[in-house]
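Notes for the one structure printed next.
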Amino acid sequence: MNKGDGDKEFVNSKLLKLISHLDLNGLLTIPLEHIRPILPFVVRGALCEGLDTSNEWEGQKLKLLQLCNRSTYSNDVLQNLTVDFGVLQEDALKLRDEQKKEMVASGSADSLLKMAAYTIAVYEQSNVEDRYRMLIREMVTLINLCELHDSRIASRFNSQLFSSVVYLHTVTDMLCYLCAELPTGFHLLDICHAMLYVPNGNKTICKLVANNFEAFHSVCIHLFHILESDKCRDDTCKGPSLEVRVESALLALCDMNRDEAATIRALCVQHCQMATLAVTLSLDYIHGSQQQQDGIDDDRKSTTAAAIRLPVNSLVLFVTGLLMSNDDKTKTWFSTYLKRESSTGSESRLFKHLSEELRTVVKSGEFHADLQSPTKPSQQHHVHETKMHCLLDSQCVRAAGLIRMYCALKAKVGVTFTQEDSNYLLLLITCFPPRSIAGARFLSLALGMLLVCPGLLTGPVEEKRVRDWIAWLAGVSLEMEHTETSSSFAEQLLLTAIHLLEDRKQDAVRLACSTLGMKINVDPNQFARIKNIFTKDVFPPQKVAEHAIKVPITKEINANMEGYLPVHCVYQLLKTRAFSQGKIHVKTWIYEQICSTKVPLHPHLQPLIQEYVGTLVNPPTTRHGFRVDHVLNTPFTEDEILRVFGKRKDAKISYDFHKTADEFSLPTKLLMLYYTLLYEENVLNNMKDLALQPNRPRRYSSSLMNKIPVKLLLHKAQREPRASQGLYPALIGLLINHLPHLCMASDWLEELDDDTSMTSSTTTIVATISRNKQASSSPTPEQLYTDLRCSALIPAPAIIHLRELSTPHMTSADDVIKFVKALTWSLPHLLDHKVARRVRKEALKLWFRLNSLVPRKLWVLTVSSLLPSSEAWAANSLPPRGQQLAIDFEMLVTDPLIVLSVHRRALQCPEFLEMILRMLPACISANKSHTISMLKANPTLAKGQNPLQWFKNRQGAAAEQQNLEKEKEKLRLAYTATLKSAAVQMLIEICGMEFDGQHEQTSSKLFLLTSRREVQCLACSAIHQFFINDSNNETAKLVSIQGYAPELIEILVAGVPSAHICTDFVAELLQEANYKKHIFAIELASQLCLHYRLAPQMAVAKLCINTMSALVTVVPKTEFCQFFNPTLGSLPNFTSAFPPLLRDVISLLSHISRVINSFVTSQHEHTTVVMDEREWNVDIDDDVMIAMQSNDDAISSDKFVCLYAKVRRIYNKIVHQNVPETSL
């Protein structure tokens, strides 16, 4: 410590408080001996002119003069202001430059240290100006040394001026005026730095700060920066180390201004320096001030009563906060200090204080059993106790703080508790708190510490105390549930018991660490005593399960609830099959908990449902330690499920609460949907094993899922992600397996486009609709139906209402689904040719929006209204509610081709065809899923065996069962492929369908987008989707083998981008014995070659030419013309696509000509004259030739003559295509 620093307080703390607030009236009441340190400020303020010339300041100056007149030292202080500070500043600057040059020349600071210091005798004999020069010389030298940032050099400086206590005030007065009058040369922070290395430096710093009170924080911060920038990191410096000097200076400043002790402690933490100072401030200033304040309030209170009233000890909060800090640097710094302190044992003030605080809290709750107390536990658990420890509500927070701190000491520092501390900690843990929020929190922390500190149980007495305490916890845990707290220790107690029952010690420790908020390494071998107490004495397995279902559900459970809830316990018990082992039904508890769910969705509800469904489908096995031959739990009934969605208003549910469908939250509905899908999947996947059980769980009816608004729930879940966080991906995965028709990619893309299509034009439409909506009320379903029915005459109202309903920003999803029947029932009226296409377009937009919300209901109503026998064609009003429809969704699933059996006019309208093509693949996908479910629901057993016989002869029947399963799967695949090919054939027929009032377009209008061309484009696009969705190309193969109208080949090849895969089936068609298959294959190949001029197509073209060449002499004479007449038209396409085949084609034509000549000459000898080439009419029309070939009465020779004419025409066409005109 600096010399003289141990004397009486140099600057009174009350004096600084008054001067910082400029309370001059208070200063006038201060004794004169306390005014002396601030006389430089008082004299300068009273006698020097300032910038403030107001009357108020003049009054303040009069009070300063009164202070000056009261002190006999005022004249001595005033004398220090009589010098010329300008001259002194010039001398100081000159001296500083000289010393720096000297240090640079010598290369070290030794020359400055060798300069002779002024003695006190010389100082006494000098005048004021010379005294200033002496002080300036010492200060400039010391400041230059401090700028080297090496405490070893600065500590060697020897100052005589500051060593004399007699002249200390005089020297410091001059120093205050140097800082005030020469701030550029003698900055206050630099002076404070220099004072660290002189005698009485702390007093000087305090006096400088007192006369410059606004610089208190700046000086404190600068002292920390000095310590950080110091180059000396060892103890080789002369005298105290720099850290000790700074710590001493900061303590002196805190003595002067105790209110800033917390600020200085915060600086210690911020800079991770001087942990000893931080603890000293906490003990002597911050905690001491708290105790003093408590004593001022009521010093008559006893020590026990004061301990009860005090909040959490400030030092406990400080230690816990640093050890649990998120800043690793701070945590490591303070942990290192605590390890060093713990090694000193009983000599550490910090650990002494913490132990005393622990004893105080424990003793404050001690009383004898015969005393009456509101927190006294039940006597049946403590009949042998003569002394108890109970806590009041105000003590629980303080005790909880101690528990967390001692756990942090063990986790972060590795402190080993003394025997005395261990005894008191166990007494603290086993205290009995009141039934309140603070009491529940204390019990959670106490239970956690008991698990992470099993070493506290050192003997039978301690074990008995812990056993009785845990038994008491089990008795009051249910009562604690009724306190107004978001979580309770009851769930933590149950989870701990569950983990220990299953011998999962690490899980129990992890649970305790999570409660305490820190990770503590615990040796599992020390858990023997704790485990025996839990599993043998207090919580046997049967009692755990019975206790769990008695715990009330968490009302309005959501993810914002922290801690351990009943759902955690039930989940763990389901996981271990404890309910099945104890034959306890848990269905009602889980159903009520699902129904009492709010946003945001709690993350533990989804795994809870998973485990519950597992107990329904998979009975316990030997893996769980026991086996139950029948399933105890039962699934939710259909009425219970539909009640959540409002589909069963008269359902008889025997539960304690009654809600309507609107009162059930979105998370509740999503969880119930998830349960239904998950249960269905587990039942189907385990049906082979379940089929052998007599009481196997049953599947839900097929109509159950049709009544649940699945797509509407998904739509809402997308708009409110917090209602389905973590659950949405699992729902989508289940829907893809069981309801793939609700997860079509086209529907998702359509919804995505709707969400991102708010362009400027859409905004204008929304604004227009908003203005119209303000002028008139929203439409009703009856009004929309009327407007659509009359849209041929007055389209404006229908367009306005359709736009309003099809815009998501104008109408909510719940409101728009009310118009499903109005829209679908009016669709036949929109097929009138007088209806503007804009009306149909807007109706299509609304249909697509409804398709994203209630698709199954929409499909059934749409198909029902468009059937030729539907009443909607002639209806003038909406059908009555509850009217039976011609079809239902199950019929669409069973026979998806019903979608294409609508009225012919609907297929001719592009907008309506879009609706139909959106329904068709979805219904086929539903049919595929339905057939898969049927196979899983009806597993194959060996023929002639019942389940019991099959089980006995299981190994022998396995091979037969596997073969039967493969056969059934092949039949299912064949059925699905046949269904798809039938759909494609019907789409092909739509492409060739004749339109009402529309004929073939002329060449001038060939490229106009007519309704026919638009319908063909839509049909071809749908066929393309069928082809590319089939990974094995079975659909395309079946369609190609079945064949279709030859005139549609060109349309399909040009309109279906994936038609090139049909090239692979040409060779197979050519191997058929049917000549019609050959004709179709050659015509198809010619169009494919024309559009895809690739090497594989060239090989196919060559194969077709070779086949035709081979068939020239094979085809019977009666079928010769019927075969070659249609196939000859394909040859120009081959040569146009692949010119190298020209020679083969000409050879083929020559061969055909010779065969025709032989046929004709063999029948009529005189035809040799007619066979002259110049006599042939090569311009015979194709229609004439086709008519002649189909006419059985025509003369055979005439058919051959016509065929020969076609050969010549094909020849001429090929020649003109491949030979330039100049060479002809």
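Simple scheme: letters A, B, ... for chains in structure tokens order, numbers from 1 for residues in each chain, numbers from 1 for ligands in the order shown.
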Members of range 861-914 of chain A assigned alpha helix (DSSP H) by DSSP, as an MDAnalysis selection string:
chainID A and resid 861:866 889:894 904:908 910:914
What's around Gln1217 in chain A at 10 Å? Count only C-alpha atoms, leave out sequence neighbours fewer than 4 positions away in its own chain, and write the answer as a VMD selection string.
chain A and resid 1132 1135 to 1136 1139 1211 to 1213 1221
Can you pull out every residue within 6 Å of range 728-744 of chain A, counting only C-alpha atoms, but drop anything in the same chain fewer than 5 positions away, and send it as a PyMOL selection string?
chain A and resi 922+925-926
Considering only C-alpha atoms, return as a tab-separated table (two decimals) with all heavy atoms, in the first residue's frame whatever protein or nucleic-acid residues lie within 12 Å of Arg905 in chain A, sequence-local ones (same chain, fewer than 5 positions apart) excluded.
chain	number	residue	atom	x	y	z
A	827	LEU	N	-72.54	-24.60	-62.44
A	827	LEU	CA	-71.60	-24.87	-63.53
A	827	LEU	C	-72.31	-25.22	-64.85
A	827	LEU	O	-71.88	-24.75	-65.92
A	827	LEU	CB	-70.63	-25.99	-63.14
A	827	LEU	CG	-69.59	-25.64	-62.08
A	827	LEU	CD1	-68.73	-26.85	-61.76
A	827	LEU	CD2	-68.72	-24.47	-62.52
A	828	PRO	N	-73.38	-26.05	-64.87
A	828	PRO	CA	-74.04	-26.33	-66.15
A	828	PRO	C	-74.55	-25.08	-66.86
A	828	PRO	O	-74.55	-25.02	-68.09
A	828	PRO	CB	-75.18	-27.26	-65.74
A	828	PRO	CG	-74.72	-27.92	-64.50
A	828	PRO	CD	-73.94	-26.88	-63.78
A	829	HIS	N	-74.97	-24.07	-66.10
A	829	HIS	CA	-75.47	-22.85	-66.72
A	829	HIS	C	-74.33	-22.05	-67.38
A	829	HIS	O	-74.60	-21.25	-68.28
A	829	HIS	CB	-76.16	-21.98	-65.68
A	829	HIS	CG	-77.34	-22.65	-65.05
A	829	HIS	ND1	-78.55	-22.81	-65.69
A	829	HIS	CD2	-77.50	-23.22	-63.81
A	829	HIS	CE1	-79.41	-23.44	-64.90
A	829	HIS	NE2	-78.79	-23.71	-63.74
A	830	LEU	N	-73.12	-22.24	-66.92
A	830	LEU	CA	-71.99	-21.52	-67.50
A	830	LEU	C	-71.55	-22.12	-68.83
A	830	LEU	O	-70.69	-21.53	-69.52
A	830	LEU	CB	-70.81	-21.52	-66.53
A	830	LEU	CG	-71.03	-20.82	-65.19
A	830	LEU	CD1	-69.76	-20.85	-64.36
A	830	LEU	CD2	-71.49	-19.38	-65.38
A	831	LEU	N	-72.07	-23.28	-69.21
A	831	LEU	CA	-71.72	-23.89	-70.49
A	831	LEU	C	-72.51	-23.31	-71.66
A	831	LEU	O	-72.27	-23.68	-72.81
A	831	LEU	CB	-71.95	-25.40	-70.42
A	831	LEU	CG	-70.96	-26.17	-69.52
A	831	LEU	CD1	-71.37	-27.61	-69.39
A	831	LEU	CD2	-69.55	-26.07	-70.09
A	832	ASP	N	-73.42	-22.42	-71.37
A	832	ASP	CA	-74.17	-21.73	-72.43
A	832	ASP	C	-73.19	-20.93	-73.29
A	832	ASP	O	-72.32	-20.22	-72.76
A	832	ASP	CB	-75.22	-20.82	-71.82
A	832	ASP	CG	-76.20	-20.28	-72.86
A	832	ASP	OD1	-75.87	-20.37	-74.07
A	832	ASP	OD2	-77.26	-19.77	-72.48
A	833	HIS	N	-73.31	-21.03	-74.60
A	833	HIS	CA	-72.36	-20.34	-75.49
A	833	HIS	C	-72.47	-18.83	-75.39
A	833	HIS	O	-71.57	-18.10	-75.85
A	833	HIS	CB	-72.59	-20.79	-76.94
A	833	HIS	CG	-73.92	-20.35	-77.50
A	833	HIS	ND1	-75.10	-21.02	-77.24
A	833	HIS	CD2	-74.24	-19.28	-78.28
A	833	HIS	CE1	-76.10	-20.41	-77.85
A	833	HIS	NE2	-75.61	-19.35	-78.49
A	866	LEU	N	-72.25	-32.08	-63.21
A	866	LEU	CA	-71.92	-32.12	-64.63
A	866	LEU	C	-72.28	-33.44	-65.30
A	866	LEU	O	-72.08	-33.58	-66.51
A	866	LEU	CB	-70.41	-31.86	-64.83
A	866	LEU	CG	-69.93	-30.44	-64.49
A	866	LEU	CD1	-68.42	-30.34	-64.67
A	866	LEU	CD2	-70.64	-29.40	-65.33
A	867	LEU	N	-72.78	-34.39	-64.54
A	867	LEU	CA	-73.24	-35.63	-65.18
A	867	LEU	C	-74.42	-35.36	-66.10
A	867	LEU	O	-75.23	-34.46	-65.83
A	867	LEU	CB	-73.64	-36.65	-64.11
A	867	LEU	CG	-72.50	-37.27	-63.29
A	867	LEU	CD1	-73.06	-38.14	-62.18
A	867	LEU	CD2	-71.55	-38.06	-64.18
A	868	PRO	N	-74.54	-36.09	-67.19
A	868	PRO	CA	-75.68	-35.84	-68.11
A	868	PRO	C	-77.03	-35.97	-67.43
A	868	PRO	O	-77.99	-35.30	-67.81
A	868	PRO	CB	-75.48	-36.91	-69.19
A	868	PRO	CG	-74.03	-37.25	-69.14
A	868	PRO	CD	-73.63	-37.12	-67.72
A	873	TRP	N	-78.77	-29.17	-64.59
A	873	TRP	CA	-78.90	-28.60	-65.92
A	873	TRP	C	-80.21	-27.82	-66.06
A	873	TRP	O	-80.26	-26.83	-66.79
A	873	TRP	CB	-78.86	-29.70	-66.98
A	873	TRP	CG	-77.53	-30.38	-67.04
A	873	TRP	CD1	-77.13	-31.48	-66.35
A	873	TRP	CD2	-76.40	-29.97	-67.81
A	873	TRP	NE1	-75.83	-31.80	-66.64
A	873	TRP	CE2	-75.34	-30.89	-67.55
A	873	TRP	CE3	-76.16	-28.93	-68.72
A	873	TRP	CZ2	-74.10	-30.79	-68.14
A	873	TRP	CZ3	-74.91	-28.84	-69.33
A	873	TRP	CH2	-73.89	-29.75	-69.03
A	900	LEU	N	-64.53	-38.58	-66.02
A	900	LEU	CA	-64.56	-38.32	-67.47
A	900	LEU	C	-65.90	-38.68	-68.10
A	900	LEU	O	-66.06	-38.55	-69.33
A	900	LEU	CB	-63.45	-39.11	-68.16
A	900	LEU	CG	-62.02	-38.69	-67.81
A	900	LEU	CD1	-61.02	-39.63	-68.44
A	900	LEU	CD2	-61.74	-37.26	-68.24
A	910	PRO	N	-62.67	-25.50	-72.39
A	910	PRO	CA	-61.32	-25.57	-71.81
A	910	PRO	C	-61.30	-25.35	-70.29
A	910	PRO	O	-60.56	-26.03	-69.57
A	910	PRO	CB	-60.53	-24.48	-72.55
A	910	PRO	CG	-61.28	-24.29	-73.82
A	910	PRO	CD	-62.72	-24.53	-73.50
A	911	GLU	N	-62.08	-24.37	-69.79
A	911	GLU	CA	-62.07	-24.09	-68.36
A	911	GLU	C	-62.60	-25.28	-67.56
A	911	GLU	O	-62.04	-25.64	-66.51
A	911	GLU	CB	-62.92	-22.85	-68.06
A	911	GLU	CG	-62.33	-21.54	-68.58
A	911	GLU	CD	-62.57	-21.36	-70.07
A	911	GLU	OE1	-63.44	-22.08	-70.64
A	911	GLU	OE2	-61.88	-20.53	-70.69
A	912	PHE	N	-63.66	-25.89	-68.04
A	912	PHE	CA	-64.22	-27.05	-67.35
A	912	PHE	C	-63.30	-28.25	-67.46
A	912	PHE	O	-63.20	-29.07	-66.54
A	912	PHE	CB	-65.60	-27.37	-67.92
A	912	PHE	CG	-66.69	-26.47	-67.40
A	912	PHE	CD1	-66.64	-25.11	-67.62
A	912	PHE	CD2	-67.74	-26.99	-66.69
A	912	PHE	CE1	-67.63	-24.27	-67.16
A	912	PHE	CE2	-68.74	-26.16	-66.20
A	912	PHE	CZ	-68.68	-24.78	-66.44
A	913	LEU	N	-62.62	-28.38	-68.59
A	913	LEU	CA	-61.69	-29.48	-68.75
A	913	LEU	C	-60.52	-29.36	-67.78
A	913	LEU	O	-59.99	-30.37	-67.30
A	913	LEU	CB	-61.18	-29.54	-70.19
A	913	LEU	CG	-60.28	-30.74	-70.53
A	913	LEU	CD1	-61.03	-32.05	-70.30
A	913	LEU	CD2	-59.80	-30.66	-71.97
A	990	ILE	N	-60.92	-37.52	-76.35
A	990	ILE	CA	-61.27	-36.10	-76.23
A	990	ILE	C	-60.52	-35.28	-77.27
A	990	ILE	O	-61.06	-34.31	-77.84
A	990	ILE	CB	-60.97	-35.61	-74.81
A	990	ILE	CG1	-61.92	-36.29	-73.82
A	990	ILE	CG2	-61.10	-34.11	-74.70
A	990	ILE	CD1	-61.62	-35.96	-72.37
A	993	MET	N	-62.40	-35.51	-80.52
A	993	MET	CA	-63.83	-35.28	-80.41
A	993	MET	C	-64.25	-34.13	-81.32
A	993	MET	O	-63.57	-33.11	-81.44
A	993	MET	CB	-64.17	-34.94	-78.95
A	993	MET	CG	-65.63	-34.76	-78.65
A	993	MET	SD	-65.92	-34.61	-76.86
A	993	MET	CE	-64.71	-33.34	-76.46
A	994	GLU	N	-65.41	-34.32	-81.99
A	994	GLU	CA	-65.98	-33.27	-82.83
A	994	GLU	C	-66.71	-32.27	-81.94
A	994	GLU	O	-67.46	-32.64	-81.05
A	994	GLU	CB	-66.97	-33.88	-83.84
A	994	GLU	CG	-66.29	-34.66	-84.95
A	994	GLU	CD	-65.52	-33.76	-85.91
A	994	GLU	OE1	-65.82	-32.55	-85.92
A	994	GLU	OE2	-64.61	-34.26	-86.58
A	995	PHE	N	-66.47	-30.99	-82.21
A	995	PHE	CA	-67.06	-29.93	-81.40
A	995	PHE	C	-68.39	-29.49	-82.02
A	995	PHE	O	-68.56	-29.48	-83.24
A	995	PHE	CB	-66.11	-28.73	-81.31
A	995	PHE	CG	-65.05	-28.92	-80.26
A	995	PHE	CD1	-64.24	-30.04	-80.27
A	995	PHE	CD2	-64.88	-27.98	-79.27
A	995	PHE	CE1	-63.27	-30.23	-79.31
A	995	PHE	CE2	-63.91	-28.15	-78.30
A	995	PHE	CZ	-63.10	-29.26	-78.32
A	996	ASP	N	-69.32	-29.11	-81.18
A	996	ASP	CA	-70.62	-28.66	-81.64
A	996	ASP	C	-70.48	-27.34	-82.38
A	996	ASP	O	-69.92	-26.37	-81.85
A	996	ASP	CB	-71.57	-28.46	-80.45
A	996	ASP	CG	-71.83	-29.77	-79.72
A	996	ASP	OD1	-71.64	-30.82	-80.36
A	996	ASP	OD2	-72.22	-29.72	-78.54
A	997	GLY	N	-70.97	-27.32	-83.63
A	997	GLY	CA	-70.95	-26.09	-84.42
A	997	GLY	C	-69.58	-25.68	-84.87
A	997	GLY	O	-69.35	-24.53	-85.24
A	1011	SER	N	-61.11	-23.28	-79.40
A	1011	SER	CA	-61.44	-24.10	-78.24
A	1011	SER	C	-60.97	-25.54	-78.45
A	1011	SER	O	-60.50	-26.20	-77.51
A	1011	SER	CB	-62.95	-24.08	-78.00
A	1011	SER	OG	-63.37	-22.79	-77.65
A	1012	ARG	N	-61.08	-26.02	-79.69
A	1012	ARG	CA	-60.64	-27.38	-79.97
A	1012	ARG	C	-59.14	-27.54	-79.75
A	1012	ARG	O	-58.70	-28.51	-79.12
A	1012	ARG	CB	-61.01	-27.75	-81.39
A	1012	ARG	CG	-60.61	-29.17	-81.78
A	1012	ARG	CD	-61.12	-29.54	-83.15
A	1012	ARG	NE	-60.82	-30.93	-83.45
A	1012	ARG	CZ	-61.22	-31.54	-84.54
A	1012	ARG	NH1	-61.95	-30.89	-85.44
A	1012	ARG	NH2	-60.92	-32.81	-84.75
A	1015	VAL	N	-58.42	-27.44	-76.03
A	1015	VAL	CA	-58.78	-28.70	-75.39
A	1015	VAL	C	-57.74	-29.77	-75.70
A	1015	VAL	O	-57.34	-30.57	-74.84
A	1015	VAL	CB	-60.18	-29.14	-75.84
A	1015	VAL	CG1	-60.44	-30.60	-75.48
A	1015	VAL	CG2	-61.24	-28.25	-75.22
May I have the residues within 9 Å of Glu463 in chain A as an NGL selection string, using only C-alpha atoms and disregarding those fewer than 4 positions away in the same chain?
:A and (457-459 or 467-468 or 529-530 or 533)
Could you turn the residues from that selection into a file that holds N, CA, C and O atoms, as an mmCIF file, in the first residue's frame?
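Result file result-v7.cif:
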data_model
loop_
_atom_site.group_PDB
_atom_site.id
_atom_site.type_symbol
_atom_site.label_atom_id
_atom_site.label_comp_id
_atom_site.auth_asym_id
_atom_site.auth_seq_id
_atom_site.Cartn_x
_atom_site.Cartn_y
_atom_site.Cartn_z
ATOM 1 N N LEU A 457 -25.624 -37.532 1.304
ATOM 2 C CA LEU A 457 -26.172 -38.614 2.129
ATOM 3 C C LEU A 457 -25.008 -39.450 2.656
ATOM 4 O O LEU A 457 -24.485 -40.339 1.981
ATOM 5 N N THR A 458 -24.600 -39.121 3.890
ATOM 6 C CA THR A 458 -23.406 -39.767 4.445
ATOM 7 C C THR A 458 -23.719 -40.837 5.473
ATOM 8 O O THR A 458 -22.820 -41.553 5.904
ATOM 9 N N GLY A 459 -24.974 -40.956 5.886
ATOM 10 C CA GLY A 459 -25.284 -41.933 6.915
ATOM 11 C C GLY A 459 -26.761 -42.241 6.992
ATOM 12 O O GLY A 459 -27.586 -41.671 6.261
ATOM 13 N N ARG A 467 -35.643 -39.626 2.943
ATOM 14 C CA ARG A 467 -36.777 -40.507 2.651
ATOM 15 C C ARG A 467 -38.090 -39.869 3.114
ATOM 16 O O ARG A 467 -39.090 -39.866 2.387
ATOM 17 N N ASP A 468 -38.084 -39.332 4.316
ATOM 18 C CA ASP A 468 -39.297 -38.689 4.826
ATOM 19 C C ASP A 468 -39.657 -37.456 4.000
ATOM 20 O O ASP A 468 -40.840 -37.181 3.753
ATOM 21 N N ARG A 529 -28.002 -45.127 -3.002
ATOM 22 C CA ARG A 529 -28.892 -44.730 -1.909
ATOM 23 C C ARG A 529 -30.105 -43.968 -2.427
ATOM 24 O O ARG A 529 -31.248 -44.223 -2.011
ATOM 25 N N ILE A 530 -29.862 -43.041 -3.348
ATOM 26 C CA ILE A 530 -30.972 -42.255 -3.910
ATOM 27 C C ILE A 530 -31.940 -43.174 -4.640
ATOM 28 O O ILE A 530 -33.173 -43.037 -4.517
ATOM 29 N N ILE A 533 -34.149 -45.172 -2.274
ATOM 30 C CA ILE A 533 -35.179 -44.346 -1.642
ATOM 31 C C ILE A 533 -36.345 -44.143 -2.589
ATOM 32 O O ILE A 533 -37.515 -44.236 -2.202
#
Give me the residues within 9 Å of Gln725 in chain A as a list in words, counting only C-alpha atoms and dropping any in the same chain fewer than 5 places off.
Pro600, Leu601, His602, Pro603 and Ala717 of chain A
Deliver the residues from the most recent selection as a file, using N, CA and C atoms, as a PDB file, in the first residue's frame.
ATOM      1  N   PRO A 600     -48.680 -21.436 -28.932  1.00  0.00           N
ATOM      2  CA  PRO A 600     -47.979 -22.341 -29.855  1.00  0.00           C
ATOM      3  C   PRO A 600     -47.990 -23.790 -29.362  1.00  0.00           C
ATOM      4  N   LEU A 601     -47.880 -24.703 -30.290  1.00  0.00           N
ATOM      5  CA  LEU A 601     -47.987 -26.126 -29.984  1.00  0.00           C
ATOM      6  C   LEU A 601     -46.822 -26.568 -29.110  1.00  0.00           C
ATOM      7  N   HIS A 602     -47.168 -27.280 -28.036  1.00  0.00           N
ATOM      8  CA  HIS A 602     -46.126 -27.794 -27.144  1.00  0.00           C
ATOM      9  C   HIS A 602     -45.380 -28.934 -27.850  1.00  0.00           C
ATOM     10  N   PRO A 603     -44.054 -28.936 -27.819  1.00  0.00           N
ATOM     11  CA  PRO A 603     -43.288 -29.936 -28.592  1.00  0.00           C
ATOM     12  C   PRO A 603     -43.405 -31.363 -28.065  1.00  0.00           C
ATOM     13  N   ALA A 717     -52.704 -24.209 -40.993  1.00  0.00           N
ATOM     14  CA  ALA A 717     -51.399 -24.464 -40.374  1.00  0.00           C
ATOM     15  C   ALA A 717     -50.279 -23.738 -41.105  1.00  0.00           C
TER      16      ALA A 717
END
Just to confirm, what's the straight-line distance from CA of Val1066 in chain A to CA of Leu1018 in chain A in Å (one decimal)?
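Taking CA of Val1066 in chain A and CA of Leu1018 in chain A, their separation equals 25.9 Å.
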Shortest contact to Leu358 in chain A, candidates A:Thr418, A:Leu253, A:Thr344, A:Leu428, atoms counted only C-alpha atoms, goes to A:Leu428
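Of the residues listed (A:Lys1206, A:Arg96, A:Lys1199, A:Arg918), A:Arg96 shows the shortest atom-to-atom separation from Ile136 in chain A; distances use only C-alpha atoms.
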What is the CA of Ile205 in chain A-CA of Ala252 in chain A distance in Å, reported with one decimal?
8.6 Å
